[in-house]
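**Q** Pasting run_28.cif here (mmCIF, C-alpha atoms):
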data_my_file
loop_
_atom_site.label_atom_id
_atom_site.label_comp_id
_atom_site.auth_asym_id
_atom_site.auth_seq_id
_atom_site.Cartn_x
_atom_site.Cartn_y
_atom_site.Cartn_z
CA MET A 1 21.38 20.23 -8.94
CA SER A 2 24.19 21.17 -11.34
CA ALA A 3 27.89 20.91 -10.76
CA PRO A 4 30.05 24.04 -10.46
CA GLY A 5 31.13 25.30 -13.85
CA ASP A 6 28.18 23.78 -15.71
CA PRO A 7 26.39 26.17 -18.06
CA LYS A 8 23.20 27.24 -16.32
CA ALA A 9 20.27 29.40 -17.30
CA ASP A 10 18.89 30.18 -13.84
CA ASP A 11 18.81 33.92 -14.56
CA ALA A 12 17.27 33.64 -18.03
CA PRO A 13 13.49 34.02 -18.24
CA PRO A 14 11.72 30.68 -18.60
CA HIS A 15 9.89 29.65 -21.75
CA GLU A 16 6.16 29.90 -21.11
CA LEU A 17 3.27 28.04 -22.71
CA SER A 18 -0.42 28.51 -21.90
CA VAL A 19 -2.56 25.36 -21.63
CA ARG A 20 -6.31 25.17 -21.01
CA VAL A 21 -7.59 22.25 -18.93
CA TYR A 22 -10.29 20.28 -20.75
CA TYR A 23 -12.69 17.62 -19.52
CA GLU A 24 -10.45 14.90 -21.00
CA ASP A 25 -7.60 16.07 -18.74
CA THR A 26 -9.57 15.44 -15.55
CA ASP A 27 -10.56 12.40 -13.51
CA PHE A 28 -13.90 11.58 -11.89
CA SER A 29 -13.21 14.10 -9.10
CA GLY A 30 -13.01 17.02 -11.53
CA PHE A 31 -9.31 17.59 -10.82
CA VAL A 32 -6.59 17.19 -13.43
CA TYR A 33 -5.51 13.55 -13.59
CA HIS A 34 -1.87 13.19 -12.55
CA ALA A 35 -0.73 11.74 -15.91
CA SER A 36 -2.20 14.73 -17.76
CA TYR A 37 0.54 16.88 -16.23
CA LEU A 38 3.10 14.72 -18.10
CA ARG A 39 1.48 15.76 -21.40
CA PHE A 40 1.42 19.42 -20.35
CA LEU A 41 5.11 19.27 -19.41
CA GLU A 42 5.97 17.51 -22.69
CA ARG A 43 4.25 20.28 -24.62
CA GLY A 44 6.31 22.84 -22.70
CA ARG A 45 9.58 21.07 -23.58
CA THR A 46 8.51 20.62 -27.21
CA GLU A 47 7.64 24.31 -27.59
CA LEU A 48 10.93 25.33 -25.96
CA LEU A 49 12.83 23.25 -28.54
CA ARG A 50 10.58 24.48 -31.38
CA GLY A 51 11.41 28.06 -30.44
CA LEU A 52 15.14 27.30 -30.38
CA ALA A 53 15.59 24.85 -33.25
CA GLY A 54 12.31 24.61 -35.18
CA ASP A 55 10.14 21.52 -35.48
CA GLN A 56 11.54 18.40 -33.88
CA SER A 57 10.71 16.46 -37.05
CA ASP A 58 12.94 18.89 -39.02
CA LEU A 59 15.67 18.61 -36.40
CA HIS A 60 15.37 14.81 -36.56
CA ARG A 61 15.77 14.90 -40.36
CA VAL A 62 18.57 17.49 -40.52
CA ALA A 63 20.52 15.90 -37.65
CA GLN A 64 20.25 12.41 -39.18
CA GLY A 65 17.91 10.75 -36.71
CA LEU A 66 18.52 12.83 -33.60
CA VAL A 67 15.78 12.46 -30.97
CA PHE A 68 15.26 13.54 -27.38
CA VAL A 69 14.15 11.06 -24.75
CA VAL A 70 13.21 11.58 -21.13
CA ARG A 71 15.76 9.78 -19.00
CA ARG A 72 14.58 10.90 -15.59
CA MET A 73 11.70 12.91 -14.20
CA SER A 74 10.84 13.98 -10.67
CA LEU A 75 7.46 15.55 -9.96
CA ASP A 76 6.11 17.35 -6.92
CA PHE A 77 2.32 17.74 -6.99
CA VAL A 78 1.65 20.82 -4.87
CA SER A 79 -1.92 21.83 -5.65
CA PRO A 80 -4.59 20.56 -8.08
CA ALA A 81 -5.87 22.14 -11.28
CA ARG A 82 -9.48 21.90 -12.38
CA MET A 83 -11.40 21.85 -15.63
CA ASP A 84 -11.35 25.19 -17.49
CA ASP A 85 -8.27 26.46 -15.60
CA LEU A 86 -5.76 28.33 -17.73
CA LEU A 87 -2.31 27.03 -16.82
CA THR A 88 1.17 28.28 -17.62
CA ILE A 89 3.92 25.74 -18.25
CA ARG A 90 7.33 27.25 -17.49
CA THR A 91 10.45 25.53 -18.76
CA ARG A 92 14.01 26.56 -17.95
CA THR A 93 17.39 24.97 -18.64
CA GLN A 94 19.17 24.08 -15.40
CA ALA A 95 22.28 22.37 -16.75
CA LEU A 96 23.79 21.12 -19.98
CA ARG A 97 25.94 18.03 -20.12
CA GLY A 98 27.55 16.28 -23.07
CA ALA A 99 24.53 14.30 -24.26
CA SER A 100 21.83 15.58 -21.93
CA MET A 101 20.11 18.60 -20.54
CA GLN A 102 18.48 19.09 -17.19
CA LEU A 103 15.31 21.16 -17.21
CA ALA A 104 13.23 22.70 -14.44
CA GLN A 105 9.53 22.92 -15.21
CA GLU A 106 6.55 24.36 -13.39
CA VAL A 107 2.83 24.22 -13.94
CA ARG A 108 1.17 27.34 -12.56
CA ARG A 109 -2.31 28.79 -12.36
CA GLY A 110 -1.63 32.49 -12.13
CA ASP A 111 0.89 32.91 -9.32
CA THR A 112 0.03 29.55 -7.74
CA LEU A 113 2.52 26.72 -8.21
CA LEU A 114 0.66 23.48 -8.95
CA VAL A 115 3.42 21.10 -10.07
CA ALA A 116 7.22 21.35 -10.00
CA ALA A 117 9.25 18.99 -12.17
CA GLU A 118 12.91 18.25 -12.76
CA VAL A 119 13.54 16.50 -16.06
CA THR A 120 16.67 15.02 -17.59
CA VAL A 121 16.42 14.70 -21.37
CA ALA A 122 19.00 12.72 -23.32
CA CYS A 123 20.02 13.34 -26.91
CA VAL A 124 19.96 10.03 -28.79
CA ARG A 125 20.65 8.74 -32.30
CA ASP A 126 20.10 5.09 -33.26
CA GLY A 127 19.55 4.19 -29.61
CA ARG A 128 22.86 5.65 -28.42
CA ALA A 129 23.56 8.86 -26.54
CA VAL A 130 25.17 11.59 -28.65
CA ARG A 131 26.42 15.06 -27.83
CA LEU A 132 23.86 17.85 -27.96
CA PRO A 133 24.33 19.74 -31.25
CA ASP A 134 26.46 22.85 -30.73
CA VAL A 135 23.82 25.15 -32.23
CA LEU A 136 21.22 23.90 -29.77
CA ARG A 137 23.72 23.97 -26.89
CA ARG A 138 24.44 27.66 -27.61
CA ARG A 139 20.72 28.49 -27.76
CA LEU A 140 19.99 26.67 -24.48
CA ALA A 141 22.96 28.21 -22.66
CA PRO A 142 22.37 31.29 -20.50
CA ALA A 143 22.99 34.75 -21.90
CA GLU A 144 26.37 36.06 -20.82
#
Turn this file's structure into structure tokens for me.

**A**
Amino acid sequence: MSAPGDPKADDAPPHELSVRVYYEDTDFSGFVYHASYLRFLERGRTELLRGLAGDQSDLHRVAQGLVFVVRRMSLDFVSPARMDDLLTIRTRTQALRGASMQLAQEVRRGDTLLVAAEVTVACVRDGRAVRLPDVLRRRLAPAE
């Protein structure tokens, strides 16, 4: 997944976010609709960044238009969630590159893995890739 020498956070505990499944998240079968998992995963990434750098709107303002965009996402749907389930979204940094970060995410119900995701997020300003800010890079890097 990451090249040798890349900063990794495999040993750091993942960020965790609890999400309740509501009726609006399900399809006619009563299971969580596949696209709802994208929203759950986005919330996990947003809360990870909020915990490290504050509100993304503040980061956008302070860093003169810096935004994060999903460049690539791979999902493995392992088991379904249902209405009223309490899920945990786990987010962990896998690798940091110049203008991007690779994240591993999981959606779990208790100890049961429901969805595994690998996400590449690019750091962008005015439509062009820019280096991740050093302060955020240090906060995302694994503890030594």

**Q** Determine the residue set returned by the PyMOL selection byres ((chain A and resi 113) around 10) for the present structure, and present it as number ranges by chain.

**A** A: 77-80, 87-88, 106-112, 114-116

**Q** For Ala104 (chain A), which of A:Met73, A:Val130, A:Val21, A:Ala53 is the closest residue, counting only C-alpha atoms?

**A**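 The closest residue to Ala104 (chain A) is A:Met73.
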
**Q** Given all atoms listed in the file as the basis, pick out the residue of A:Arg138, A:Gln105, A:Arg92, A:Ala122 nearest to Leu38 (chain A).

**A**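 Smallest separation from Leu38 (chain A) among the options: A:Gln105.
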
**Q** Assuming 4 Å of padding per side, give the centre and edge lengths of the axis-aligned box around every listed atom of region 124-127 of chain A, in Å to one decimal and as JSON.

**A**
{"center_x": 20.1, "center_y": 7.1, "center_z": -31.0, "size_x": 9.1, "size_y": 13.8, "size_z": 12.5}

**Q** Measure the distance from CA of Arg72 (chain A) to CA of Thr120 (chain A) in Å and round it to one decimal.

**A**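 We find that CA of Arg72 (chain A) and CA of Thr120 (chain A) lie 5.0 Å from each other.
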
**Q** Smallest atom-to-atom distance to Arg131 (chain A): which of A:Leu66, A:Ser29, A:Arg90, A:Ser74, using only C-alpha atoms?

**A**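 Of the candidates, the smallest distance to Arg131 (chain A) is held by A:Leu66.
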
**Q** Write out as a PyMOL selection string each polymer residue whose atoms come within 7 Å of region 43-47 of chain A, counting only C-alpha atoms; drop sequence neighbours fewer than 5 positions from it.

**A** chain A and resi 17+89-91

**Q** Which residues match the PyMOL selection byres ((chain A and resi 135) around 12) in the file above, as a PyMOL selection string?

**A** chain A and resi 49+52-54+59+63+131-134+136-141

**Q** Run the PyMOL selection byres ((chain A and resi 31) around 8) on the file and write out the hits as a CSV table (one decimal) with C-alpha atoms, in the coordinates of the input.

**A**
chain,number,residue,atom,x,y,z
A,26,THR,CA,-9.6,15.4,-15.6
A,27,ASP,CA,-10.6,12.4,-13.5
A,28,PHE,CA,-13.9,11.6,-11.9
A,29,SER,CA,-13.2,14.1,-9.1
A,30,GLY,CA,-13.0,17.0,-11.5
A,32,VAL,CA,-6.6,17.2,-13.4
A,33,TYR,CA,-5.5,13.6,-13.6
A,80,PRO,CA,-4.6,20.6,-8.1
A,81,ALA,CA,-5.9,22.1,-11.3
A,82,ARG,CA,-9.5,21.9,-12.4
A,83,MET,CA,-11.4,21.8,-15.6

**Q** From the set A:Asp58, A:Asp84, A:Val121, A:Gly127, which residue has the shortest atom-to-atom contact distance to Tyr23 (chain A), counting all atoms listed in the file?

**A**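 Between A:Asp58, A:Asp84, A:Val121, A:Gly127, the residue approaching Tyr23 (chain A) most closely is A:Asp84.
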
**Q** Report the distance between CA of Val19 (chain A) and CA of Ala95 (chain A) in Å, rounded to one decimal place.

**A**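 Value for the CA of Val19 (chain A)-CA of Ala95 (chain A) distance: 25.5 Å.
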
**Q** Residues within 8 Å of region 67-69 of chain A, please, as an MDAnalysis selection string. Count only C-alpha atoms; anything in the same chain fewer than 3 positions from it doesn't count.

**A** chainID A and resid 56 60 121:125

**Q** CA of Arg50 (chain A) to CA of Ser18 (chain A): how many Å, to one decimal?

**A**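 Taking CA of Arg50 (chain A) as the start and CA of Ser18 (chain A) as the end point, the length is 15.1 Å.
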